[in-house]
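Asker: This is the content of my_file-v1.txt (compact mmCIF, C-alpha atoms):
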```
# COMPACT_ATOMS: atom_id res chain seq x y z
CA MET A 81 0.00 0.00 0.00
CA ASN A 82 1.47 3.38 -1.02
CA THR A 83 1.85 6.47 1.16
CA ARG A 84 -1.01 8.27 -0.56
CA GLN A 85 -3.47 5.51 0.31
CA LEU A 86 -2.19 5.31 3.88
CA PHE A 87 -2.72 9.07 4.14
CA LEU A 88 -6.31 8.73 2.93
CA ASP A 89 -7.00 5.78 5.22
CA HIS A 90 -5.44 6.96 8.47
CA VAL A 91 -5.14 10.77 8.51
CA GLY A 92 -8.14 12.97 9.26
CA GLN A 93 -9.11 14.83 6.08
CA THR A 94 -10.26 18.40 5.56
CA SER A 95 -12.02 17.83 2.24
CA GLN A 96 -13.48 14.99 0.19
CA ALA A 97 -10.92 15.51 -2.56
CA PRO A 98 -7.46 16.19 -1.07
CA LEU A 99 -4.73 17.00 -3.57
CA CYS A 100 -2.35 14.43 -2.05
CA LEU A 101 0.97 15.64 -3.44
CA ASN A 102 3.57 13.48 -1.72
CA ILE A 103 6.23 16.08 -0.87
CA VAL A 104 9.46 14.59 0.44
CA LYS A 105 11.73 17.65 0.57
CA ALA A 106 11.54 21.45 0.66
CA ALA A 107 14.21 24.14 0.60
CA GLY A 108 14.12 27.86 -0.13
CA SER A 109 11.21 28.50 -2.50
CA TYR A 110 11.05 24.91 -3.77
CA MET A 111 9.42 21.60 -2.93
CA TRP A 112 10.07 18.14 -4.40
CA ASP A 113 7.67 15.22 -4.56
CA ALA A 114 8.39 11.50 -4.26
CA ASP A 115 8.96 11.27 -8.01
CA GLY A 116 11.60 13.99 -7.92
CA LYS A 117 9.37 16.63 -9.49
CA LYS A 118 10.27 20.18 -8.43
CA TYR A 119 7.68 22.85 -7.60
CA ILE A 120 8.00 26.59 -7.09
CA ASP A 121 6.06 27.22 -3.90
CA LEU A 122 3.80 30.28 -4.23
CA ILE A 123 2.05 29.64 -0.90
CA ALA A 124 4.85 29.17 1.68
CA GLY A 125 2.59 27.09 3.91
CA ILE A 126 0.08 29.98 3.71
CA SER A 127 2.46 32.78 4.77
CA VAL A 128 4.41 30.56 7.18
CA CYS A 129 7.81 30.18 5.55
CA ASN A 130 8.60 33.87 5.08
CA VAL A 131 12.36 33.21 5.02
CA GLY A 132 11.92 30.12 2.86
CA HIS A 133 11.81 26.44 3.66
CA ARG A 134 14.57 25.15 5.93
CA HIS A 135 16.70 28.27 6.06
CA PRO A 136 20.12 27.03 7.29
CA LYS A 137 20.15 29.36 10.30
CA VAL A 138 16.68 28.22 11.35
CA VAL A 139 17.67 24.55 11.02
CA GLU A 140 20.84 25.22 13.02
CA ALA A 141 18.84 26.90 15.82
CA ILE A 142 16.41 23.97 15.96
CA LYS A 143 19.23 21.42 16.21
CA LYS A 144 20.97 23.40 18.93
CA GLN A 145 17.80 23.69 21.00
CA VAL A 146 17.00 20.01 20.61
CA ASP A 147 20.46 19.26 21.99
CA ASP A 148 19.70 21.43 25.05
CA TYR A 149 16.09 20.44 25.81
CA MET A 150 12.71 20.09 24.16
CA HIS A 151 9.45 20.26 26.12
CA ILE A 152 9.79 20.90 29.84
CA MET A 153 7.01 23.10 31.27
CA VAL A 154 5.62 26.45 30.11
CA TYR A 155 3.44 27.80 32.94
CA GLY A 156 6.09 29.97 34.62
CA GLU A 157 7.64 27.51 37.04
CA LEU A 158 10.57 27.20 34.65
CA VAL A 159 12.21 30.03 32.70
CA GLU A 160 12.96 28.96 29.13
CA ASN A 161 15.61 31.03 27.39
CA PRO A 162 14.19 30.65 23.85
CA GLN A 163 10.85 32.09 25.02
CA VAL A 164 12.45 35.00 26.83
CA LEU A 165 14.90 35.94 24.10
CA TYR A 166 12.24 35.75 21.39
CA ALA A 167 9.69 37.79 23.35
CA LYS A 168 12.32 40.45 23.99
CA LYS A 169 13.27 40.55 20.30
CA ILE A 170 9.66 40.82 19.11
CA THR A 171 8.79 43.61 21.52
CA GLU A 172 11.91 45.57 20.53
CA TYR A 173 10.32 45.95 17.09
CA LEU A 174 6.83 46.86 18.31
CA PRO A 175 5.39 50.06 19.81
CA ALA A 176 6.05 50.53 23.53
CA SER A 177 2.50 49.55 24.49
CA LEU A 178 2.94 46.09 22.94
CA ASN A 179 5.49 44.82 25.42
CA ALA A 180 4.22 41.45 26.71
CA VAL A 181 4.01 38.27 24.65
CA PHE A 182 1.71 35.38 25.55
CA TYR A 183 2.71 32.34 23.53
CA THR A 184 0.27 29.81 22.10
CA ALA A 185 0.72 26.82 19.81
CA SER A 186 -1.18 28.34 16.85
CA GLY A 187 -2.87 31.44 15.48
CA SER A 188 -6.31 30.09 16.34
CA GLU A 189 -5.24 29.74 19.97
CA ALA A 190 -3.91 33.30 19.89
CA THR A 191 -7.39 34.44 18.88
CA GLU A 192 -8.92 32.46 21.73
CA GLY A 193 -6.50 33.93 24.25
CA ALA A 194 -7.06 37.49 23.06
CA MET A 195 -10.83 37.13 23.34
CA LYS A 196 -10.48 35.86 26.91
CA LEU A 197 -8.03 38.62 27.79
CA ALA A 198 -10.36 41.32 26.45
CA LYS A 199 -13.32 39.97 28.44
CA ARG A 200 -11.25 39.62 31.59
CA TYR A 201 -9.61 43.06 31.37
CA THR A 202 -12.71 45.06 30.43
CA GLY A 203 -15.31 43.09 32.38
CA ARG A 204 -17.47 43.20 29.23
CA THR A 205 -18.85 40.39 27.12
CA GLN A 206 -19.69 41.70 23.64
CA ILE A 207 -17.18 41.02 20.88
CA ILE A 208 -17.32 42.56 17.43
CA SER A 209 -15.76 41.10 14.29
CA PHE A 210 -16.20 41.61 10.55
CA LYS A 211 -17.80 39.82 7.65
CA HIS A 212 -15.38 37.86 5.45
CA SER A 213 -12.86 37.70 8.27
CA TYR A 214 -10.86 34.64 9.23
CA HIS A 215 -9.29 34.22 12.67
CA GLY A 216 -8.95 30.45 12.99
CA SER A 217 -11.10 27.36 13.23
CA THR A 218 -11.49 26.55 16.94
CA GLN A 219 -14.89 27.22 18.54
CA GLY A 220 -14.16 30.75 19.73
CA ALA A 221 -12.26 31.72 16.59
CA LEU A 222 -15.03 30.22 14.48
CA SER A 223 -17.53 32.35 16.39
CA VAL A 224 -15.86 35.53 15.10
CA MET A 225 -15.34 34.20 11.58
CA GLY A 226 -17.19 36.28 9.03
CA SER A 227 -19.02 33.61 7.04
CA GLU A 228 -22.18 31.66 7.80
CA TYR A 229 -21.13 28.99 5.30
CA TRP A 230 -18.26 27.94 7.57
CA GLN A 231 -20.19 28.47 10.81
CA GLN A 232 -23.60 26.92 10.15
CA ALA A 233 -22.68 23.27 10.71
CA PHE A 234 -21.21 23.96 14.16
CA ARG A 235 -23.81 26.12 15.87
CA PRO A 236 -24.48 27.03 18.60
CA LEU A 237 -21.30 29.10 18.80
CA LEU A 238 -20.30 31.73 21.36
CA PRO A 239 -23.02 34.26 22.21
CA GLY A 240 -22.46 37.99 22.22
CA ILE A 241 -20.78 38.23 18.82
CA THR A 242 -21.76 41.08 16.47
CA GLN A 243 -20.51 41.16 12.87
CA LEU A 244 -20.00 44.43 11.03
CA THR A 245 -19.01 45.25 7.48
CA TYR A 246 -15.31 45.90 6.90
CA ASN A 247 -14.63 49.45 5.62
CA ASN A 248 -18.15 50.62 6.57
CA THR A 249 -17.79 53.70 8.77
CA GLY A 250 -21.49 53.82 9.67
CA ASP A 251 -21.24 50.37 11.27
CA LEU A 252 -18.76 51.65 13.83
CA ARG A 253 -21.65 53.07 15.87
CA HIS A 254 -22.28 49.51 17.04
CA ILE A 255 -19.06 49.66 19.07
CA THR A 256 -20.24 50.79 22.50
CA HIS A 257 -19.28 50.84 26.18
CA GLU A 258 -20.55 47.25 26.30
CA THR A 259 -17.97 46.04 23.76
CA ALA A 260 -15.00 44.15 25.18
CA CYS A 261 -13.03 44.11 21.94
CA VAL A 262 -13.17 44.52 18.21
CA ILE A 263 -11.16 41.93 16.31
CA ALA A 264 -10.13 42.70 12.74
CA GLU A 265 -7.56 41.58 10.23
CA THR A 266 -5.38 44.55 9.40
CA ILE A 267 -5.69 43.36 5.81
CA GLN A 268 -8.39 40.77 5.17
CA ALA A 269 -6.42 37.88 3.72
CA GLU A 270 -8.99 35.15 3.06
CA ALA A 271 -11.35 37.74 1.61
CA GLY A 272 -8.94 37.94 -1.32
CA VAL A 273 -6.55 40.61 0.01
CA ASN A 274 -9.21 43.15 0.95
CA LEU A 275 -7.42 46.35 1.96
CA PRO A 276 -8.75 48.69 4.63
CA ASP A 277 -9.51 52.31 3.86
CA PRO A 278 -6.87 54.14 5.96
CA ALA A 279 -9.46 56.67 7.18
CA TRP A 280 -11.81 53.85 8.21
CA LEU A 281 -9.08 52.04 10.11
CA LYS A 282 -8.23 55.24 11.99
CA ALA A 283 -11.93 55.79 12.73
CA LEU A 284 -12.08 52.24 14.08
CA ARG A 285 -9.10 52.91 16.33
CA ASN A 286 -10.68 56.18 17.55
CA ARG A 287 -14.05 54.59 18.22
CA CYS A 288 -12.42 51.85 20.28
CA THR A 289 -10.50 54.44 22.28
CA GLN A 290 -13.64 56.51 22.88
CA THR A 291 -15.59 53.53 24.21
CA GLY A 292 -12.79 51.85 26.17
CA THR A 293 -12.91 48.90 23.78
CA LEU A 294 -9.75 46.92 23.08
CA LEU A 295 -8.75 46.84 19.42
CA VAL A 296 -7.39 43.43 18.44
CA LEU A 297 -5.57 43.36 15.11
CA ASP A 298 -5.02 39.96 13.56
CA GLU A 299 -1.69 39.87 11.74
CA ILE A 300 -1.43 36.10 11.73
CA GLN A 301 -0.97 36.24 7.95
CA CYS A 302 0.18 39.85 7.65
CA GLY A 303 2.99 39.82 10.20
CA PHE A 304 6.73 39.49 9.70
CA GLY A 305 7.01 41.48 6.49
CA ARG A 306 4.33 39.86 4.36
CA ASN A 307 2.78 43.20 3.35
CA GLY A 308 6.00 45.16 2.84
CA SER A 309 6.53 46.41 6.38
CA LEU A 310 7.38 44.38 9.45
CA TRP A 311 3.81 44.78 10.73
CA ALA A 312 0.94 45.81 8.46
CA PHE A 313 -0.55 48.20 11.01
CA GLU A 314 2.56 50.39 10.67
CA GLN A 315 1.32 51.40 7.22
CA PHE A 316 -1.87 52.90 8.69
CA ASP A 317 -0.45 54.93 11.58
CA ILE A 318 -2.39 53.12 14.30
CA VAL A 319 -1.47 50.79 17.16
CA PRO A 320 -3.71 47.94 18.40
CA ASP A 321 -4.28 47.09 22.04
CA ILE A 322 -3.70 43.41 21.28
CA LEU A 323 -1.77 42.01 18.31
CA LEU A 324 -2.31 38.45 17.06
CA LEU A 325 0.65 36.57 15.58
CA GLY A 326 0.90 33.11 14.05
CA LYS A 327 2.11 31.36 10.90
CA ALA A 328 5.53 33.00 10.23
CA VAL A 329 6.09 33.62 13.95
CA GLY A 330 7.47 30.08 14.32
CA GLY A 331 9.84 30.12 11.36
CA GLY A 332 8.20 26.93 10.05
CA MET A 333 7.50 25.43 13.49
CA PRO A 334 4.09 25.54 15.23
CA LEU A 335 3.73 28.74 17.26
CA GLY A 336 1.31 31.59 17.87
CA ALA A 337 1.14 34.57 20.19
CA PHE A 338 -0.95 37.47 21.34
CA VAL A 339 0.88 40.63 22.36
CA SER A 340 -0.37 43.44 24.58
CA ASP A 341 0.64 45.85 27.32
CA LYS A 342 1.76 44.07 30.48
CA LYS A 343 -0.83 45.94 32.55
CA ILE A 344 -3.51 44.37 30.33
CA MET A 345 -1.82 40.96 30.07
CA ASP A 346 -1.54 40.64 33.84
CA ALA A 347 -5.35 40.34 34.03
CA LEU A 348 -4.84 36.65 33.23
CA THR A 349 -2.74 36.05 36.36
CA HIS A 350 -5.46 36.26 39.02
CA ASP A 351 -9.15 35.64 39.74
CA PRO A 352 -8.61 32.97 38.53
CA VAL A 353 -4.95 32.15 38.59
CA LEU A 354 -3.90 30.43 35.35
CA GLY A 355 -6.48 32.50 33.48
CA HIS A 356 -5.13 31.19 30.19
CA ILE A 357 -2.75 28.28 29.73
CA ASN A 358 -1.74 25.77 27.07
CA THR A 359 0.70 22.89 27.29
CA PHE A 360 2.80 23.62 24.22
CA GLY A 361 2.48 27.41 23.96
CA GLY A 362 5.95 28.83 23.43
CA HIS A 363 7.53 25.43 22.91
CA PRO A 364 11.30 26.00 23.20
CA VAL A 365 12.13 24.46 19.83
CA SER A 366 9.46 26.57 18.12
CA CYS A 367 10.69 29.72 19.87
CA ALA A 368 14.29 28.99 18.89
CA ALA A 369 13.20 28.52 15.28
CA GLY A 370 11.04 31.64 15.34
CA LEU A 371 13.81 33.79 16.81
CA ALA A 372 16.28 32.54 14.22
CA ALA A 373 13.83 33.23 11.38
CA PHE A 374 13.10 36.72 12.73
CA GLU A 375 16.81 37.48 12.92
CA VAL A 376 17.26 36.25 9.34
CA LEU A 377 14.40 38.50 8.24
CA LEU A 378 16.13 41.49 9.84
CA GLN A 379 19.77 40.71 9.07
CA GLU A 380 19.20 39.80 5.42
CA LYS A 381 16.92 42.84 4.97
CA ILE A 382 14.31 40.62 3.35
CA VAL A 383 11.38 42.95 4.04
CA GLU A 384 13.07 45.77 2.12
CA SER A 385 12.68 43.87 -1.18
CA VAL A 386 9.03 42.82 -0.73
CA ASN A 387 7.44 45.82 -2.44
CA THR A 388 9.83 45.56 -5.40
CA LYS A 389 8.92 41.90 -5.83
CA GLU A 390 5.24 42.78 -5.59
CA GLN A 391 5.68 45.25 -8.45
CA LEU A 392 7.46 42.59 -10.52
CA PHE A 393 4.51 40.24 -10.03
CA LEU A 394 2.05 43.00 -10.94
CA SER A 395 3.95 43.91 -14.09
CA LEU A 396 3.74 40.30 -15.26
CA LEU A 397 0.19 39.46 -14.17
CA LYS A 398 -1.51 40.92 -17.23
CA HIS A 399 -3.95 38.88 -19.31
CA PRO A 400 -7.53 39.33 -20.60
CA LEU A 401 -8.76 36.50 -18.35
CA ILE A 402 -7.47 38.25 -15.22
CA ARG A 403 -10.37 40.33 -13.89
CA LYS A 404 -8.34 42.20 -11.25
CA VAL A 405 -5.37 41.78 -8.93
CA ASN A 406 -5.53 42.73 -5.25
CA SER A 407 -2.20 43.01 -3.50
CA ARG A 408 -0.20 44.45 -0.66
CA GLY A 409 3.39 43.27 -0.62
CA LEU A 410 3.67 39.55 -1.29
CA MET A 411 0.05 38.84 -0.44
CA ILE A 412 -1.56 38.78 -3.88
CA ALA A 413 -4.98 37.67 -5.15
CA VAL A 414 -5.44 37.12 -8.89
CA TYR A 415 -9.14 37.13 -9.75
CA PHE A 416 -10.84 35.15 -12.52
CA ASP A 417 -14.49 34.87 -13.53
CA SER A 418 -15.35 31.89 -11.32
CA PHE A 419 -14.05 29.25 -8.93
CA GLU A 420 -14.32 26.68 -11.72
CA THR A 421 -11.96 28.67 -13.94
CA ASN A 422 -9.61 29.30 -11.04
CA LYS A 423 -9.52 25.62 -10.06
CA ARG A 424 -8.67 24.52 -13.60
CA ILE A 425 -5.85 27.06 -13.68
CA ILE A 426 -4.52 25.98 -10.27
CA ASP A 427 -4.58 22.29 -11.23
CA THR A 428 -2.78 22.97 -14.51
CA LEU A 429 -0.18 25.11 -12.78
CA ILE A 430 0.54 22.29 -10.35
CA GLU A 431 1.09 19.97 -13.32
CA LYS A 432 3.61 22.54 -14.58
CA GLY A 433 5.43 22.66 -11.24
CA ILE A 434 3.86 25.80 -9.74
CA PHE A 435 2.10 25.27 -6.40
CA THR A 436 -0.72 27.62 -5.46
CA ASP A 437 -4.36 27.58 -4.29
CA TRP A 438 -7.43 29.77 -3.65
CA PHE A 439 -8.95 31.89 -0.86
CA LEU A 440 -11.69 30.83 1.57
CA PHE A 441 -13.91 33.86 0.92
CA ALA A 442 -12.74 34.56 -2.63
CA ALA A 443 -12.71 31.18 -4.32
CA GLU A 444 -12.44 32.80 -7.75
CA ALA A 445 -9.03 34.26 -6.80
CA LEU A 446 -5.66 32.52 -7.06
CA ARG A 447 -3.36 32.94 -4.06
CA ILE A 448 0.22 34.17 -4.36
CA ALA A 449 2.06 34.31 -1.03
CA PRO A 450 5.54 32.91 -1.63
CA PRO A 451 8.56 33.01 0.65
CA LEU A 452 9.54 36.67 0.93
CA ASN A 453 13.02 35.89 -0.38
CA ILE A 454 11.77 34.26 -3.59
CA SER A 455 14.09 35.16 -6.45
CA ASP A 456 13.12 37.41 -9.35
CA SER A 457 13.84 34.55 -11.75
CA ASP A 458 11.38 32.28 -9.92
CA ILE A 459 8.77 35.06 -10.03
CA ARG A 460 9.26 35.37 -13.77
CA ASP A 461 9.15 31.61 -14.25
CA ALA A 462 5.94 31.24 -12.21
CA CYS A 463 4.21 34.09 -14.03
CA SER A 464 5.35 32.80 -17.41
CA LYS A 465 3.76 29.43 -16.68
CA LEU A 466 0.59 31.11 -15.44
CA LEU A 467 0.34 33.04 -18.71
CA GLU A 468 0.87 29.79 -20.64
CA VAL A 469 -2.05 28.27 -18.77
CA LEU A 470 -4.23 31.33 -19.34
CA ASN A 471 -3.47 31.29 -23.06
CA GLY A 472 -4.64 27.69 -23.09
CA GLU A 473 -7.86 28.77 -21.33
CA SER A 474 -8.52 31.59 -23.82
```
In structure tokens, write the structure found in this file.
Answerer:
Amino acid sequence: MNTRQLFLDHVGQTSQAPLCLNIVKAAGSYMWDADGKKYIDLIAGISVCNVGHRHPKVVEAIKKQVDDYMHIMVYGELVENPQVLYAKKITEYLPASLNAVFYTASGSEATEGAMKLAKRYTGRTQIISFKHSYHGSTQGALSVMGSEYWQQAFRPLLPGITQLTYNNTGDLRHITHETACVIAETIQAEAGVNLPDPAWLKALRNRCTQTGTLLVLDEIQCGFGRNGSLWAFEQFDIVPDILLLGKAVGGGMPLGAFVSDKKIMDALTHDPVLGHINTFGGHPVSCAAGLAAFEVLLQEKIVESVNTKEQLFLSLLKHPLIRKVNSRGLMIAVYFDSFETNKRIIDTLIEKGIFTDWFLFAAEALRIAPPLNISDSDIRDACSKLLEVLNGES
């Protein structure tokens, strides 16, 4: 029995028709399957591998930490150097009010923790999120997801959730003194790279300040340079009260975090004690990998080239079948007339050695979110093959 069949028989599936590419190696911007076929990776694990697959310095940091220790205990009884050093490094590159990092094992868990923190700190219960938003798939995160299609099979979900329309200033009146927090993606990723109006985002920040509501910005996909600056919120001249991190935060290892001011974060330490805990949050190997990847991002000045690479993609993504392209940095959505067209294009690209997929709330759009250090030649090669496929569709 081959590996593909074993996968289908014994691994829990997320769809009835999994792609089942048997990848046996990945490095830089490439992956190889069991037959030796090479793929240019335009997804990077969905914005996870921002410094590429298996960057040598990340691998070295993982090996060193494994030689020291792996899991011990993460509730505060033991101080773990990888956690401390990484938290210090992250907060050095954030505004002064974002100075305390609470580690989780994933972005979904970061969402859960932030929701609990907001309720505990404010003493309020209402939470506001936005339509076409994605914050994870656990029960609480699902409750603030902006799509009934994904929610309907799992109701009842958390009560007290109100959903507003992203970029709608009139909707902000629903944020009141009863609202514990507003949770929003700085840039809506799964909506097909839906950008905020800068004036709306500032109005959102102001409304939260006026009502004593905590503003939670989800940069689980945006963070660590994906949109052309280290953090996407820097481009809009606002600062959240809580920042959600995931995906690239672990450098390819499982990790998430929510970041806030220590005076807010300390609300989880009492009444009850252990107000939020998780066994593997801030796992030392994940923190060592994440710190190494963050240092690579900074030392190799990878973020500085993101906007130039975005422009190269945009200059090449021109074809009559392309309806529009939404982008900010190396988060790009290429829109076609339907999901059916998009799926045919994606499948054909995979046959040609280009790995990509679609968006949850914009199924007609093709996703481009490669490692941030993808080469110009790989960008040109990927776009050339996409145009070949589109010419075949014409």
Asker: Can you work out which one of A:Gly472, A:Gly116, A:Gly292, A:Gly216 has the shortest atom-to-atom distance to Gly203 of chain A, counting all atoms listed in the file?
Answerer: A:Gly292
Asker: Rank A:Asn406, A:Ser217, A:Ser109, A:Ser95 by their smallest atom-to-atom distance to Gly433 of chain A, using all atoms listed in the file, and report the top residue only.
Answerer: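 Going through A:Asn406, A:Ser217, A:Ser109, A:Ser95 one by one, the smallest distance to Gly433 of chain A is for A:Ser109.
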Asker: Which residue gives the smallest distance to Ala141 of chain A among A:Phe441, A:Phe435, A:Phe87, A:Phe374, with only C-alpha atoms counted?
Answerer: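 Ranking A:Phe441, A:Phe435, A:Phe87, A:Phe374 by distance to Ala141 of chain A, first place goes to A:Phe374.
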Asker: At what distance in Å, to one decimal, does atom CA of Leu222 of chain A lie from atom CA of Trp280 of chain A?
Answerer: 24.7 Å
Asker: Given all atoms listed in the file as the basis, pick out the residue of A:Pro451, A:Gly272, A:Gly156, A:Gly331 nearest to Val414 of chain A.
Answerer: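 Of all the options, A:Gly272 lies closest to Val414 of chain A.
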Asker: Can you list, as a ChimeraX atom specification, every protein, DNA or RNA residue that comes within 7 Å of Ala373 of chain A when you count all atoms listed in the file, leaving out same-chain residues fewer than 2 positions away?
Answerer: /A:131,138,331,369-371,375-377
Asker: Find the residue from A:Ala233, A:Leu99, A:Ile241, A:Leu396 that sits nearest to Gly220 of chain A; use all atoms listed in the file when measuring.
Answerer: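 Of all the options, A:Ile241 lies closest to Gly220 of chain A.
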Asker: For Cys100 of chain A, which residue among A:Val154, A:Ala442, A:Ile430, A:Leu470 is the nearest when counting only C-alpha atoms?
Answerer: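 Using only C-alpha atoms, the shortest distance to Cys100 of chain A belongs to A:Ile430.
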Asker: For Thr388 of chain A, find every residue with an atom within 12 Å (counting only C-alpha atoms), except residues of its own chain fewer than 3 positions away, and show them as number ranges by chain.
Answerer: A: 307-308, 382-385, 391-395, 408-410, 452-456, 459
Asker: How many Å separate atom CA of Tyr415 of chain A from atom CA of Thr249 of chain A?
Answerer: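 It comes out at 26.3 Å.
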Asker: Can you tell me how far atom CA of Leu122 of chain A sits from atom CA of Ala449 of chain A, in Å to one decimal?
Answerer: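 Straight-line distance from atom CA of Leu122 of chain A to atom CA of Ala449 of chain A works out to 5.4 Å.
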Asker: Which protein, DNA or RNA residues have an atom at most 8 Å from (0.2, 29.1, -1.8), counting all atoms listed in the file? List them as a list in words.
Answerer: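 Checked against the point, the hits come out as Asp121, Leu122, Ile123, Ala124, Gly125, Ile126, Ser127, Phe435, Thr436, Asp437, Trp438, Arg447, Ile448, Ala449 and Pro450 of chain A.
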Asker: Output C-alpha atoms for every residue in the selection just made, as a JSON list (two decimals), in the frame of the given file.
Answerer:
```
[["chain", "number", "residue", "atom", "x", "y", "z"],
["A", 121, "ASP", "CA", 6.06, 27.22, -3.90],
["A", 122, "LEU", "CA", 3.80, 30.28, -4.23],
["A", 123, "ILE", "CA", 2.05, 29.64, -0.90],
["A", 124, "ALA", "CA", 4.85, 29.17, 1.68],
["A", 125, "GLY", "CA", 2.59, 27.09, 3.91],
["A", 126, "ILE", "CA", 0.08, 29.98, 3.71],
["A", 127, "SER", "CA", 2.46, 32.78, 4.77],
["A", 435, "PHE", "CA", 2.10, 25.27, -6.40],
["A", 436, "THR", "CA", -0.72, 27.62, -5.46],
["A", 437, "ASP", "CA", -4.36, 27.58, -4.29],
["A", 438, "TRP", "CA", -7.43, 29.77, -3.65],
["A", 447, "ARG", "CA", -3.36, 32.94, -4.06],
["A", 448, "ILE", "CA", 0.22, 34.17, -4.36],
["A", 449, "ALA", "CA", 2.06, 34.31, -1.03],
["A", 450, "PRO", "CA", 5.54, 32.91, -1.63]]
```
Asker: With all atoms listed in the file as the counted atoms, please give the residues lying no more than 9 Å from Phe360 of chain A, apart from itself and same-chain residues fewer than 4 positions off, as a ChimeraX atom specification.
Answerer: /A:151,153-154,183-185,335,364
Asker: Report as an MDAnalysis selection string all protein, DNA and RNA residues lying within 12 Å of segment 251-254 of chain A, evaluated on all atoms listed in the file, omitting residues in the same chain fewer than 5 positions from it.
Answerer: chainID A and resid 206:211 241:246 259 261:262 280:288 290:291 293
Asker: Show which residues sit within 7 Å of segment 167-177 of chain A, as a list in words. Count all atoms listed in the file, and ignore same-chain residues fewer than 3 positions away.
Answerer: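 Near neighbours after the sequence-gap exclusion: Gln163, Val164, Val181, Ser340 and Asp341 of chain A.
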